[in-house]
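Structure file model.cif (mmCIF, C-alpha atoms) follows.
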```cif
data_target
#
loop_
_atom_site.label_atom_id
_atom_site.label_comp_id
_atom_site.auth_asym_id
_atom_site.auth_seq_id
_atom_site.Cartn_x
_atom_site.Cartn_y
_atom_site.Cartn_z
CA MET H 1 71.17 155.64 102.72
CA SER H 2 74.56 154.20 101.77
CA ASP H 3 75.77 154.71 105.34
CA LEU H 4 72.89 152.53 106.58
CA LYS H 5 73.51 149.89 103.90
CA ALA H 6 77.17 149.68 104.95
CA LEU H 7 76.01 148.67 108.46
CA VAL H 8 74.14 145.57 107.18
CA ARG H 9 76.29 142.45 107.47
CA SER H 10 76.25 139.97 104.60
CA ILE H 11 76.68 136.34 105.67
CA PRO H 12 77.48 133.99 102.78
CA ASP H 13 75.97 130.49 102.64
CA TYR H 14 73.39 131.14 105.38
CA PRO H 15 70.98 129.54 106.04
CA LYS H 16 72.28 127.25 103.26
CA PRO H 17 74.91 127.17 100.51
CA GLY H 18 74.48 129.79 97.80
CA ILE H 19 72.31 132.17 99.85
CA ILE H 20 73.69 135.49 101.15
CA PHE H 21 71.88 136.42 104.37
CA ARG H 22 71.45 140.16 104.98
CA ASP H 23 71.90 140.57 108.74
CA VAL H 24 70.31 143.71 110.22
CA THR H 25 71.57 143.06 113.77
CA THR H 26 74.75 145.03 112.97
CA LEU H 27 72.62 147.92 111.67
CA PHE H 28 70.46 147.97 114.79
CA ALA H 29 73.46 147.66 117.15
CA THR H 30 74.69 151.23 116.61
CA PRO H 31 72.73 154.28 117.80
CA ALA H 32 73.06 155.97 114.39
CA GLY H 33 71.98 152.83 112.55
CA MET H 34 68.97 152.16 114.76
CA ARG H 35 67.70 155.72 114.73
CA GLY H 36 68.59 156.17 111.06
CA ILE H 37 66.70 153.16 109.76
CA VAL H 38 63.59 154.01 111.81
CA GLU H 39 63.64 157.63 110.57
CA ALA H 40 64.15 156.50 106.97
CA MET H 41 61.23 154.07 107.19
CA CYS H 42 58.91 156.71 108.73
CA ALA H 43 59.92 159.53 106.34
CA PRO H 44 57.74 158.54 103.34
CA PHE H 45 54.63 158.70 105.55
CA ALA H 46 55.06 162.21 106.95
CA ASP H 47 51.80 163.33 105.25
CA GLU H 48 49.81 160.11 105.82
CA THR H 49 48.02 158.91 108.92
CA PHE H 50 47.68 155.32 110.06
CA ASP H 51 45.78 153.86 112.98
CA CYS H 52 48.44 151.30 113.64
CA ILE H 53 51.65 149.63 112.57
CA ALA H 54 51.56 145.86 112.09
CA GLY H 55 54.99 144.32 112.60
CA ILE H 56 55.93 140.83 111.42
CA ASP H 57 57.45 138.37 113.93
CA ALA H 58 60.23 138.92 114.96
CA ARG H 59 62.58 141.48 113.38
CA GLY H 60 59.58 143.51 112.23
CA PHE H 61 58.80 144.03 115.92
CA ILE H 62 62.09 145.90 116.50
CA LEU H 63 61.33 148.37 113.71
CA GLY H 64 57.55 148.44 114.05
CA GLY H 65 57.47 149.24 117.78
CA ALA H 66 59.84 152.15 117.26
CA MET H 67 57.89 153.42 114.24
CA ALA H 68 54.59 153.22 116.15
CA VAL H 69 55.90 155.45 118.94
CA ARG H 70 57.48 157.86 116.47
CA MET H 71 54.33 158.09 114.32
CA GLY H 72 51.89 158.13 117.26
CA THR H 73 50.05 154.93 116.31
CA GLY H 74 49.27 151.64 118.03
CA PHE H 75 51.24 148.46 117.30
CA VAL H 76 49.78 145.07 116.33
CA PRO H 77 51.92 141.91 116.08
CA ILE H 78 51.63 139.40 113.23
CA ARG H 79 52.97 136.23 114.86
CA LYS H 80 54.19 132.79 113.96
CA LYS H 81 51.68 130.05 114.69
CA GLY H 82 50.81 129.34 118.32
CA LYS H 83 52.24 132.48 119.93
CA LEU H 84 49.13 134.63 120.43
CA PRO H 85 47.01 133.95 123.53
CA ALA H 86 43.50 134.86 122.33
CA ASN H 87 41.38 133.86 119.29
CA VAL H 88 43.25 134.21 116.00
CA TYR H 89 42.90 134.20 112.23
CA ARG H 90 45.58 132.11 110.51
CA GLU H 91 47.03 132.24 106.98
CA GLU H 92 49.40 129.79 105.37
CA TYR H 93 52.17 130.86 102.99
CA SER H 94 54.69 129.00 100.86
CA LEU H 95 58.35 128.59 101.69
CA GLU H 96 60.89 127.17 99.26
CA TYR H 97 60.13 123.76 100.74
CA GLY H 98 56.76 123.40 102.48
CA THR H 99 54.65 126.06 104.15
CA ASP H 100 54.47 128.16 107.30
CA GLU H 101 51.66 130.03 109.03
CA VAL H 102 51.13 133.46 110.56
CA GLU H 103 48.38 134.63 112.90
CA ILE H 104 46.66 137.80 114.09
CA HIS H 105 44.24 138.29 116.98
CA VAL H 106 40.66 138.32 115.69
CA ASP H 107 40.05 141.52 117.68
CA ALA H 108 43.44 143.13 117.00
CA LEU H 109 42.04 146.13 115.12
CA PRO H 110 39.05 148.44 115.19
CA VAL H 111 37.10 147.84 111.96
CA GLY H 112 38.27 150.19 109.20
CA SER H 113 41.76 150.69 110.65
CA ARG H 114 44.40 151.94 108.22
CA VAL H 115 47.44 149.77 108.85
CA LEU H 116 51.08 150.24 107.83
CA LEU H 117 52.76 146.82 107.47
CA VAL H 118 56.42 146.69 108.58
CA ASP H 119 59.21 144.12 108.33
CA ASP H 120 62.99 144.16 108.04
CA LEU H 121 63.26 142.48 104.63
CA LEU H 122 61.10 141.92 101.54
CA ALA H 123 62.01 138.85 99.46
CA THR H 124 59.23 136.98 97.61
CA GLY H 125 56.57 138.77 99.66
CA GLY H 126 54.91 135.56 100.80
CA THR H 127 54.84 136.51 104.48
CA ALA H 128 53.77 140.07 103.69
CA LEU H 129 50.88 138.93 101.47
CA ALA H 130 49.69 136.48 104.14
CA SER H 131 49.94 139.30 106.70
CA ILE H 132 47.82 141.59 104.52
CA LYS H 133 45.14 138.88 104.26
CA LEU H 134 45.16 138.59 108.07
CA ILE H 135 44.81 142.34 108.55
CA GLU H 136 41.93 142.46 106.06
CA ARG H 137 40.20 139.51 107.78
CA ALA H 138 40.55 141.40 111.07
CA GLY H 139 38.77 144.41 109.51
CA GLY H 140 41.70 146.61 108.51
CA THR H 141 43.12 147.89 105.24
CA VAL H 142 46.80 148.02 104.25
CA PRO H 143 47.42 151.02 102.01
CA ALA H 144 51.20 150.80 102.47
CA ALA H 145 54.10 148.65 103.61
CA ALA H 146 57.66 149.56 104.62
CA PHE H 147 60.78 147.39 104.70
CA ALA H 148 64.40 148.18 105.55
CA ILE H 149 65.73 145.92 102.77
CA ASP H 150 64.36 144.90 99.37
CA LEU H 151 65.68 141.95 97.39
CA PRO H 152 64.15 143.15 94.11
CA ASP H 153 65.12 140.08 92.10
CA LEU H 154 62.73 138.00 94.22
CA GLY H 155 59.70 140.03 93.15
CA GLY H 156 58.06 140.84 96.48
CA SER H 157 57.67 144.56 95.86
CA ARG H 158 56.07 143.83 92.47
CA ALA H 159 53.66 141.33 94.05
CA LEU H 160 52.60 143.78 96.77
CA ARG H 161 52.15 146.66 94.32
CA ALA H 162 49.95 144.39 92.19
CA LYS H 163 47.64 144.21 95.21
CA GLY H 164 47.44 148.00 95.36
CA VAL H 165 49.85 148.39 98.30
CA GLU H 166 52.33 151.28 98.26
CA VAL H 167 55.75 149.76 98.97
CA TYR H 168 58.66 151.70 100.49
CA THR H 169 62.09 150.17 100.99
CA VAL H 170 65.22 151.89 102.27
CA MET H 171 67.91 149.85 100.51
CA ASP H 172 68.24 147.16 97.83
CA PHE H 173 70.51 144.16 97.54
CA GLU H 174 70.45 142.90 93.96
CA GLY H 175 71.58 139.54 92.71
CA ASP H 176 69.99 137.62 95.61
CA MET Y 1 50.07 153.83 135.56
CA SER Y 2 46.59 152.48 136.32
CA ASP Y 3 45.42 153.60 132.87
CA LEU Y 4 48.16 151.47 131.30
CA LYS Y 5 47.36 148.52 133.55
CA ALA Y 6 43.71 148.69 132.50
CA LEU Y 7 44.80 148.13 128.88
CA VAL Y 8 46.46 144.78 129.67
CA ARG Y 9 44.12 141.87 128.91
CA SER Y 10 44.00 138.98 131.38
CA ILE Y 11 43.34 135.58 129.78
CA PRO Y 12 42.38 132.87 132.29
CA ASP Y 13 43.68 129.31 131.90
CA TYR Y 14 46.30 130.18 129.28
CA PRO Y 15 48.64 128.56 128.39
CA LYS Y 16 47.17 125.98 130.79
CA PRO Y 17 44.52 125.65 133.52
CA GLY Y 18 45.11 127.82 136.58
CA ILE Y 19 47.42 130.32 134.88
CA ILE Y 20 46.26 133.87 134.11
CA PHE Y 21 48.11 135.15 131.05
CA ARG Y 22 48.80 138.93 131.00
CA ASP Y 23 48.40 139.92 127.36
CA VAL Y 24 50.18 143.14 126.35
CA THR Y 25 48.90 143.12 122.76
CA THR Y 26 45.85 145.13 123.87
CA LEU Y 27 48.15 147.65 125.57
CA PHE Y 28 50.34 148.04 122.47
CA ALA Y 29 47.33 148.28 120.11
CA THR Y 30 46.32 151.78 121.19
CA PRO Y 31 48.49 154.85 120.45
CA ALA Y 32 48.25 156.03 124.08
CA GLY Y 33 49.12 152.59 125.42
CA MET Y 34 52.09 152.06 123.12
CA ARG Y 35 53.58 155.50 123.68
CA GLY Y 36 52.71 155.45 127.39
CA ILE Y 37 54.39 152.15 128.20
CA VAL Y 38 57.55 153.11 126.30
CA GLU Y 39 57.72 156.49 128.06
CA ALA Y 40 57.12 154.88 131.45
CA MET Y 41 59.90 152.34 130.86
CA CYS Y 42 62.38 155.02 129.74
CA ALA Y 43 61.55 157.50 132.50
CA PRO Y 44 63.65 155.94 135.33
CA PHE Y 45 66.77 156.23 133.16
CA ALA Y 46 66.60 159.93 132.29
CA ASP Y 47 69.89 160.55 134.13
CA GLU Y 48 71.68 157.35 133.07
CA THR Y 49 73.43 156.53 129.81
CA PHE Y 50 73.53 153.14 128.15
CA ASP Y 51 75.34 152.00 125.03
CA CYS Y 52 72.51 149.75 124.01
CA ILE Y 53 69.21 148.15 124.83
CA ALA Y 54 69.06 144.34 124.75
CA GLY Y 55 65.53 143.13 124.03
CA ILE Y 56 64.36 139.57 124.68
CA ASP Y 57 62.68 137.60 121.82
CA ALA Y 58 59.97 138.49 120.88
CA ARG Y 59 57.76 140.94 122.85
CA GLY Y 60 60.89 142.56 124.28
CA PHE Y 61 61.72 143.57 120.71
CA ILE Y 62 58.56 145.71 120.43
CA LEU Y 63 59.46 147.69 123.56
CA GLY Y 64 63.24 147.56 123.21
CA GLY Y 65 63.40 148.91 119.65
CA ALA Y 66 61.21 151.85 120.61
CA MET Y 67 63.23 152.53 123.77
CA ALA Y 68 66.52 152.42 121.84
CA VAL Y 69 65.36 155.11 119.42
CA ARG Y 70 63.95 157.21 122.24
CA MET Y 71 67.10 156.92 124.38
CA GLY Y 72 69.55 157.24 121.47
CA THR Y 73 71.17 153.83 121.92
CA GLY Y 74 71.75 150.78 119.74
CA PHE Y 75 69.56 147.68 119.98
CA VAL Y 76 70.79 144.09 120.44
CA PRO Y 77 68.45 141.07 120.21
CA ILE Y 78 68.56 138.15 122.65
CA ARG Y 79 67.03 135.35 120.57
CA LYS Y 80 65.59 131.90 120.94
CA LYS Y 81 67.92 129.12 119.81
CA GLY Y 82 68.78 128.92 116.12
CA LYS Y 83 67.54 132.34 114.98
CA LEU Y 84 70.78 134.35 114.79
CA PRO Y 85 72.88 134.01 111.61
CA ALA Y 86 76.44 134.51 112.94
CA ASN Y 87 78.46 132.94 115.77
CA VAL Y 88 76.61 132.89 119.09
CA TYR Y 89 76.93 132.32 122.81
CA ARG Y 90 74.12 130.16 124.20
CA GLU Y 91 72.67 129.86 127.72
CA GLU Y 92 70.15 127.34 128.98
CA TYR Y 93 67.45 128.22 131.51
CA SER Y 94 64.80 126.24 133.33
CA LEU Y 95 61.13 126.16 132.49
CA GLU Y 96 58.51 124.54 134.66
CA TYR Y 97 59.05 121.35 132.67
CA GLY Y 98 62.39 121.06 130.91
CA THR Y 99 64.68 123.80 129.65
CA ASP Y 100 64.99 126.34 126.86
CA GLU Y 101 67.92 128.26 125.41
CA VAL Y 102 68.67 131.84 124.39
CA GLU Y 103 71.50 133.17 122.25
CA ILE Y 104 73.43 136.38 121.53
CA HIS Y 105 75.88 137.14 118.72
CA VAL Y 106 79.46 136.74 120.00
CA ASP Y 107 80.29 140.16 118.50
CA ALA Y 108 76.99 141.85 119.42
CA LEU Y 109 78.58 144.45 121.74
CA PRO Y 110 81.72 146.56 122.00
CA VAL Y 111 83.61 145.35 125.11
CA GLY Y 112 82.59 147.34 128.19
CA SER Y 113 79.14 148.27 126.84
CA ARG Y 114 76.56 149.32 129.43
CA VAL Y 115 73.39 147.45 128.52
CA LEU Y 116 69.78 148.00 129.61
CA LEU Y 117 67.88 144.70 129.47
CA VAL Y 118 64.23 144.95 128.37
CA ASP Y 119 61.28 142.56 128.24
CA ASP Y 120 57.51 142.79 128.55
CA LEU Y 121 57.11 140.64 131.66
CA LEU Y 122 59.21 139.50 134.63
CA ALA Y 123 58.11 136.20 136.23
CA THR Y 124 60.75 133.90 137.76
CA GLY Y 125 63.54 135.81 136.01
CA GLY Y 126 64.98 132.70 134.36
CA THR Y 127 65.14 134.17 130.87
CA ALA Y 128 66.42 137.51 132.19
CA LEU Y 129 69.23 135.87 134.20
CA ALA Y 130 70.27 133.78 131.19
CA SER Y 131 70.21 136.95 129.07
CA ILE Y 132 72.46 138.76 131.57
CA LYS Y 133 74.96 135.88 131.40
CA LEU Y 134 74.95 136.15 127.59
CA ILE Y 135 75.54 139.91 127.67
CA GLU Y 136 78.40 139.47 130.15
CA ARG Y 137 79.97 136.72 128.00
CA ALA Y 138 79.75 139.09 125.01
CA GLY Y 139 81.71 141.72 127.00
CA GLY Y 140 78.92 143.91 128.36
CA THR Y 141 77.55 144.79 131.78
CA VAL Y 142 73.89 144.99 132.80
CA PRO Y 143 73.45 147.67 135.46
CA ALA Y 144 69.68 147.76 135.00
CA ALA Y 145 66.65 145.99 133.56
CA ALA Y 146 63.15 147.27 132.72
CA PHE Y 147 59.89 145.34 132.33
CA ALA Y 148 56.35 146.47 131.61
CA ILE Y 149 54.87 143.92 134.03
CA ASP Y 150 56.14 142.31 137.24
CA LEU Y 151 54.64 139.17 138.75
CA PRO Y 152 56.23 139.77 142.17
CA ASP Y 153 55.05 136.50 143.69
CA LEU Y 154 57.31 134.61 141.28
CA GLY Y 155 60.45 136.26 142.63
CA GLY Y 156 62.16 137.46 139.45
CA SER Y 157 62.79 141.01 140.62
CA ARG Y 158 64.33 139.68 143.86
CA ALA Y 159 66.58 137.31 141.90
CA LEU Y 160 67.81 140.06 139.58
CA ARG Y 161 68.44 142.51 142.43
CA ALA Y 162 70.47 139.80 144.20
CA LYS Y 163 72.78 139.93 141.15
CA GLY Y 164 73.22 143.70 141.59
CA VAL Y 165 70.85 144.66 138.76
CA GLU Y 166 68.55 147.67 139.25
CA VAL Y 167 65.04 146.50 138.33
CA TYR Y 168 62.26 148.83 137.13
CA THR Y 169 58.75 147.63 136.41
CA VAL Y 170 55.74 149.70 135.43
CA MET Y 171 52.92 147.59 136.87
CA ASP Y 172 52.41 144.56 139.12
CA PHE Y 173 49.95 141.71 138.96
CA GLU Y 174 49.92 139.92 142.31
CA GLY Y 175 48.58 136.48 143.04
CA ASP Y 176 50.06 134.89 139.89
#
```
What's the structure tokens form of this structure?
Amino acid sequence: MSDLKALVRSIPDYPKPGIIFRDVTTLFATPAGMRGIVEAMCAPFADETFDCIAGIDARGFILGGAMAVRMGTGFVPIRKKGKLPANVYREEYSLEYGTDEVEIHVDALPVGSRVLLVDDLLATGGTALASIKLIERAGGTVPAAAFAIDLPDLGGSRALRAKGVEVYTVMDFEGD
Amino acid sequence: MSDLKALVRSIPDYPKPGIIFRDVTTLFATPAGMRGIVEAMCAPFADETFDCIAGIDARGFILGGAMAVRMGTGFVPIRKKGKLPANVYREEYSLEYGTDEVEIHVDALPVGSRVLLVDDLLATGGTALASIKLIERAGGTVPAAAFAIDLPDLGGSRALRAKGVEVYTVMDFEGD
């Protein structure tokens, strides 16, 4: 995976001083990077079946749509507040300062759907945990989640595993 | 394509009275719908090569990421203002009331890249035309654009073709 990791751009002091932002746009921009990251994120699930992929707004859509077609599942968006046109469930999660909210359509999933949660990056896991609550409220279960990048020092993978979710990540950046 | 069209949900009076919103989340939610729409949007380009797909924030990401993997290209995001971490070009476009802005990374594309522009829906074409300007400023060309849905009464496909862009759409909703 080191060839994929080398395609991620690190931007110091973004979005604020002291933070290193891991920018996947440079990974997605090359054919080998785009195909490679999608294949690497699908690979752990070769022997599992899911009814759908849930992708988190917005970079999770780029990966999740591609994974859904590759794995032969449907795709369900988890969106920022106010973006979905029909009735929604909403969950709040904490940011460093304040809170934000994510939503899912109430009727997004057939009851009992096995859902694979997908995003580009796992940090504290706040958005992912809120997304899992939404999927469960909509009648689904989340046996597993896949991320291109893990920032292990921030504890998100530990928090998700504590909820019984299998967590797969393609590459780590430590010290974040 | 009528089976795909039947999977699109029409929501009356959203986002405001008199507008019928064409909701693709119900199309994407089923395996046959997700795979079918991506295959239908790739099919016209079987004999053409592109260096990358540019997807428009955010539903264009779901389709564009999947199309990039299927067609063996890179993927470049066109984002709403303030979402990209590195240096950007920005273009304003008109909404019914006021304006909005989209951005692309200055270094998103190798110079001379042939880019296929992708979004879920073509209405007036304002966002698509602004996106084409961004891609051209970043050094690319846009010979073609693909959309799941066309609202032909709103004139977007005519406006794009007037700029020399080949336009492919999978389904129409007239009377919007």
Could you superpose chain Y on chain H by least squares over every Cα, matched in sequence order, and send it back as a short mmCIF file (atom, residue, chain, number, x, y, z; two decimals) with C-alpha atoms, in the frame of the given file?
```
data_model
loop_
_atom_site.label_atom_id
_atom_site.label_comp_id
_atom_site.auth_asym_id
_atom_site.auth_seq_id
_atom_site.Cartn_x
_atom_site.Cartn_y
_atom_site.Cartn_z
CA MET Y 1 71.16 155.63 102.72
CA SER Y 2 74.55 154.19 101.75
CA ASP Y 3 75.77 154.71 105.33
CA LEU Y 4 72.89 152.54 106.57
CA LYS Y 5 73.51 149.92 103.90
CA ALA Y 6 77.16 149.70 104.95
CA LEU Y 7 76.02 148.67 108.45
CA VAL Y 8 74.15 145.59 107.17
CA ARG Y 9 76.30 142.46 107.48
CA SER Y 10 76.25 139.97 104.60
CA ILE Y 11 76.68 136.33 105.67
CA PRO Y 12 77.48 133.97 102.78
CA ASP Y 13 75.95 130.48 102.64
CA TYR Y 14 73.38 131.12 105.37
CA PRO Y 15 70.94 129.53 106.02
CA LYS Y 16 72.25 127.25 103.25
CA PRO Y 17 74.89 127.17 100.49
CA GLY Y 18 74.45 129.81 97.80
CA ILE Y 19 72.30 132.16 99.86
CA ILE Y 20 73.68 135.48 101.15
CA PHE Y 21 71.90 136.40 104.38
CA ARG Y 22 71.45 140.17 104.99
CA ASP Y 23 71.90 140.57 108.74
CA VAL Y 24 70.32 143.71 110.23
CA THR Y 25 71.58 143.07 113.77
CA THR Y 26 74.76 145.03 112.96
CA LEU Y 27 72.63 147.92 111.67
CA PHE Y 28 70.45 147.98 114.80
CA ALA Y 29 73.46 147.67 117.16
CA THR Y 30 74.70 151.22 116.61
CA PRO Y 31 72.72 154.27 117.81
CA ALA Y 32 73.06 155.97 114.40
CA GLY Y 33 71.98 152.83 112.56
CA MET Y 34 68.97 152.15 114.77
CA ARG Y 35 67.70 155.72 114.74
CA GLY Y 36 68.58 156.17 111.06
CA ILE Y 37 66.70 153.15 109.77
CA VAL Y 38 63.60 154.01 111.81
CA GLU Y 39 63.65 157.62 110.57
CA ALA Y 40 64.17 156.50 106.98
CA MET Y 41 61.23 154.08 107.19
CA CYS Y 42 58.92 156.72 108.72
CA ALA Y 43 59.92 159.53 106.35
CA PRO Y 44 57.74 158.54 103.33
CA PHE Y 45 54.63 158.70 105.54
CA ALA Y 46 55.03 162.21 106.95
CA ASP Y 47 51.80 163.31 105.24
CA GLU Y 48 49.80 160.11 105.82
CA THR Y 49 47.99 158.92 108.93
CA PHE Y 50 47.66 155.34 110.06
CA ASP Y 51 45.77 153.86 112.98
CA CYS Y 52 48.45 151.31 113.64
CA ILE Y 53 51.64 149.64 112.57
CA ALA Y 54 51.55 145.86 112.08
CA GLY Y 55 54.99 144.33 112.59
CA ILE Y 56 55.93 140.84 111.41
CA ASP Y 57 57.47 138.36 113.94
CA ALA Y 58 60.23 138.93 114.99
CA ARG Y 59 62.60 141.50 113.40
CA GLY Y 60 59.58 143.51 112.24
CA PHE Y 61 58.80 144.03 115.92
CA ILE Y 62 62.09 145.89 116.51
CA LEU Y 63 61.34 148.37 113.71
CA GLY Y 64 57.55 148.43 114.06
CA GLY Y 65 57.46 149.24 117.78
CA ALA Y 66 59.84 152.15 117.26
CA MET Y 67 57.88 153.42 114.25
CA ALA Y 68 54.58 153.23 116.16
CA VAL Y 69 55.90 155.45 118.95
CA ARG Y 70 57.45 157.86 116.47
CA MET Y 71 54.30 158.09 114.32
CA GLY Y 72 51.86 158.13 117.26
CA THR Y 73 50.03 154.93 116.31
CA GLY Y 74 49.25 151.63 118.01
CA PHE Y 75 51.24 148.47 117.30
CA VAL Y 76 49.78 145.08 116.31
CA PRO Y 77 51.93 141.91 116.08
CA ILE Y 78 51.64 139.41 113.23
CA ARG Y 79 52.98 136.23 114.86
CA LYS Y 80 54.20 132.79 113.97
CA LYS Y 81 51.69 130.03 114.68
CA GLY Y 82 50.80 129.33 118.30
CA LYS Y 83 52.25 132.46 119.94
CA LEU Y 84 49.15 134.62 120.44
CA PRO Y 85 47.01 133.94 123.54
CA ALA Y 86 43.50 134.86 122.32
CA ASN Y 87 41.40 133.87 119.30
CA VAL Y 88 43.26 134.20 116.00
CA TYR Y 89 42.92 134.21 112.24
CA ARG Y 90 45.59 132.11 110.52
CA GLU Y 91 47.04 132.25 106.99
CA GLU Y 92 49.40 129.79 105.36
CA TYR Y 93 52.16 130.86 102.97
CA SER Y 94 54.69 129.01 100.87
CA LEU Y 95 58.34 128.58 101.67
CA GLU Y 96 60.86 127.14 99.27
CA TYR Y 97 60.11 123.72 100.76
CA GLY Y 98 56.75 123.39 102.47
CA THR Y 99 54.63 126.05 104.14
CA ASP Y 100 54.47 128.16 107.28
CA GLU Y 101 51.66 130.02 109.01
CA VAL Y 102 51.14 133.45 110.56
CA GLU Y 103 48.39 134.62 112.89
CA ILE Y 104 46.66 137.80 114.09
CA HIS Y 105 44.25 138.29 117.00
CA VAL Y 106 40.66 138.31 115.69
CA ASP Y 107 40.04 141.51 117.69
CA ALA Y 108 43.45 143.11 117.02
CA LEU Y 109 42.04 146.12 115.12
CA PRO Y 110 39.04 148.44 115.19
CA VAL Y 111 37.09 147.84 111.95
CA GLY Y 112 38.25 150.20 109.19
CA SER Y 113 41.75 150.69 110.65
CA ARG Y 114 44.40 151.95 108.24
CA VAL Y 115 47.44 149.77 108.84
CA LEU Y 116 51.09 150.24 107.83
CA LEU Y 117 52.77 146.85 107.46
CA VAL Y 118 56.42 146.70 108.57
CA ASP Y 119 59.21 144.13 108.33
CA ASP Y 120 62.99 144.16 108.04
CA LEU Y 121 63.27 142.48 104.64
CA LEU Y 122 61.12 141.94 101.54
CA ALA Y 123 62.01 138.85 99.46
CA THR Y 124 59.24 136.98 97.61
CA GLY Y 125 56.57 138.78 99.64
CA GLY Y 126 54.92 135.55 100.82
CA THR Y 127 54.84 136.49 104.49
CA ALA Y 128 53.78 140.07 103.69
CA LEU Y 129 50.88 138.93 101.47
CA ALA Y 130 49.70 136.48 104.14
CA SER Y 131 49.95 139.29 106.71
CA ILE Y 132 47.83 141.59 104.52
CA LYS Y 133 45.15 138.88 104.27
CA LEU Y 134 45.16 138.58 108.07
CA ILE Y 135 44.81 142.34 108.56
CA GLU Y 136 41.94 142.46 106.06
CA ARG Y 137 40.19 139.52 107.78
CA ALA Y 138 40.55 141.40 111.09
CA GLY Y 139 38.77 144.42 109.52
CA GLY Y 140 41.70 146.60 108.49
CA THR Y 141 43.14 147.90 105.24
CA VAL Y 142 46.81 148.01 104.24
CA PRO Y 143 47.43 151.03 102.01
CA ALA Y 144 51.20 150.81 102.46
CA ALA Y 145 54.10 148.65 103.61
CA ALA Y 146 57.67 149.57 104.61
CA PHE Y 147 60.80 147.40 104.69
CA ALA Y 148 64.40 148.18 105.56
CA ILE Y 149 65.73 145.93 102.78
CA ASP Y 150 64.37 144.90 99.37
CA LEU Y 151 65.68 141.94 97.40
CA PRO Y 152 64.14 143.14 94.11
CA ASP Y 153 65.12 140.07 92.11
CA LEU Y 154 62.73 137.99 94.22
CA GLY Y 155 59.71 140.02 93.15
CA GLY Y 156 58.07 140.83 96.48
CA SER Y 157 57.67 144.55 95.86
CA ARG Y 158 56.06 143.82 92.47
CA ALA Y 159 53.66 141.33 94.06
CA LEU Y 160 52.59 143.78 96.77
CA ARG Y 161 52.14 146.66 94.32
CA ALA Y 162 49.95 144.38 92.18
CA LYS Y 163 47.63 144.20 95.22
CA GLY Y 164 47.44 148.02 95.35
CA VAL Y 165 49.85 148.39 98.29
CA GLU Y 166 52.34 151.28 98.24
CA VAL Y 167 55.76 149.77 98.96
CA TYR Y 168 58.68 151.71 100.48
CA THR Y 169 62.10 150.20 101.00
CA VAL Y 170 65.23 151.90 102.26
CA MET Y 171 67.92 149.85 100.51
CA ASP Y 172 68.25 147.17 97.83
CA PHE Y 173 70.52 144.18 97.55
CA GLU Y 174 70.45 142.91 93.97
CA GLY Y 175 71.57 139.54 92.72
CA ASP Y 176 69.98 137.59 95.61
#
```
*Residues of chain Y within 10 Å of chain H, using only C-alpha atoms, as a ChimeraX atom specification?*
/Y:9-12,14-15,21-23,25-39,51-55,57-77,79,83-86,105,107-110
*asked:* Expand the PyMOL selection byres ((chain H and resi 142-146) around 6) into the explicit residue set it covers here, and present it as a ChimeraX atom specification.
replied: /H:115-118,141,147,165-169
Restricting the output to C-alpha atoms, write the selected residues as a PDB file, in the coordinates of the input.
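This went into out_35.pdb:
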```
ATOM      1  CA  VAL H 115      47.440 149.770 108.850  1.00  0.00           C
ATOM      2  CA  LEU H 116      51.080 150.240 107.830  1.00  0.00           C
ATOM      3  CA  LEU H 117      52.760 146.820 107.470  1.00  0.00           C
ATOM      4  CA  VAL H 118      56.420 146.690 108.580  1.00  0.00           C
ATOM      5  CA  THR H 141      43.120 147.890 105.240  1.00  0.00           C
ATOM      6  CA  PHE H 147      60.780 147.390 104.700  1.00  0.00           C
ATOM      7  CA  VAL H 165      49.850 148.390  98.300  1.00  0.00           C
ATOM      8  CA  GLU H 166      52.330 151.280  98.260  1.00  0.00           C
ATOM      9  CA  VAL H 167      55.750 149.760  98.970  1.00  0.00           C
ATOM     10  CA  TYR H 168      58.660 151.700 100.490  1.00  0.00           C
ATOM     11  CA  THR H 169      62.090 150.170 100.990  1.00  0.00           C
TER      12      THR H 169
END
```
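The interatomic distance for the pair atom CA of Val8 of chain Y and atom CA of Arg158 of chain Y works out to 23.4 Å.
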*May I ask for the distance between atom CA of Lys80 of chain Y and atom CA of Gly140 of chain Y, given in Å to one decimal place?*
19.4 Å
*asked:* I need the residue nearest Leu121 of chain H from this list: H:Met171, H:Met41, H:Ile149, H:Lys5. Use all atoms listed in the file for the distance.
replied: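 Closest to Leu121 of chain H, using all atoms listed in the file: H:Ile149.
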_I want to know what sits within 8 Å of Leu151 of chain Y, based on only C-alpha atoms, with residues of the same chain fewer than 6 positions away left out; could you give that as a list in words?_
Leu121, Leu122, Ala123, Asp172, Phe173, Glu174, Gly175 and Asp176 of chain Y
Quick one: 4 Å padding each side, axis-aligned, all listed atoms of segment 38-54 of chain Y - centre and edge lengths in Å to one decimal, as AutoDock Vina command-line options?
```
--center_x 66.2 --center_y 152.4 --center_z 129.7 --size_x 26.2 --size_y 24.2 --size_z 19.3
```
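With atom CA of Gly18 of chain H on one side and atom CA of Lys81 of chain Y on the other, the separation reads 23.0 Å.
Residue nearest Val170 of chain H within the list H:Ala148, H:Leu154, H:Ile19, H:Ala128: H:Ala148 [criterion: smallest interatomic distance, only C-alpha atoms].
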*Pick from Y:Ala159, Y:Leu7, Y:Ile78, Y:Val88: nearest to Val102 of chain Y, with all atoms listed in the file counted?*
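Between Y:Ala159, Y:Leu7, Y:Ile78, Y:Val88, the residue approaching Val102 of chain Y most closely is Y:Ile78.
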Might you spell out which residues the PyMOL selection byres ((chain Y and resi 90) around 6) would select in the displayed file, as a PDB file with C-alpha atoms, in the frame of the given file?
```pdb
ATOM      1  CA  TYR Y  89      76.930 132.320 122.810  1.00  0.00           C
ATOM      2  CA  GLU Y  91      72.670 129.860 127.720  1.00  0.00           C
ATOM      3  CA  VAL Y 102      68.670 131.840 124.390  1.00  0.00           C
ATOM      4  CA  GLU Y 103      71.500 133.170 122.250  1.00  0.00           C
TER       5      GLU Y 103
END
```
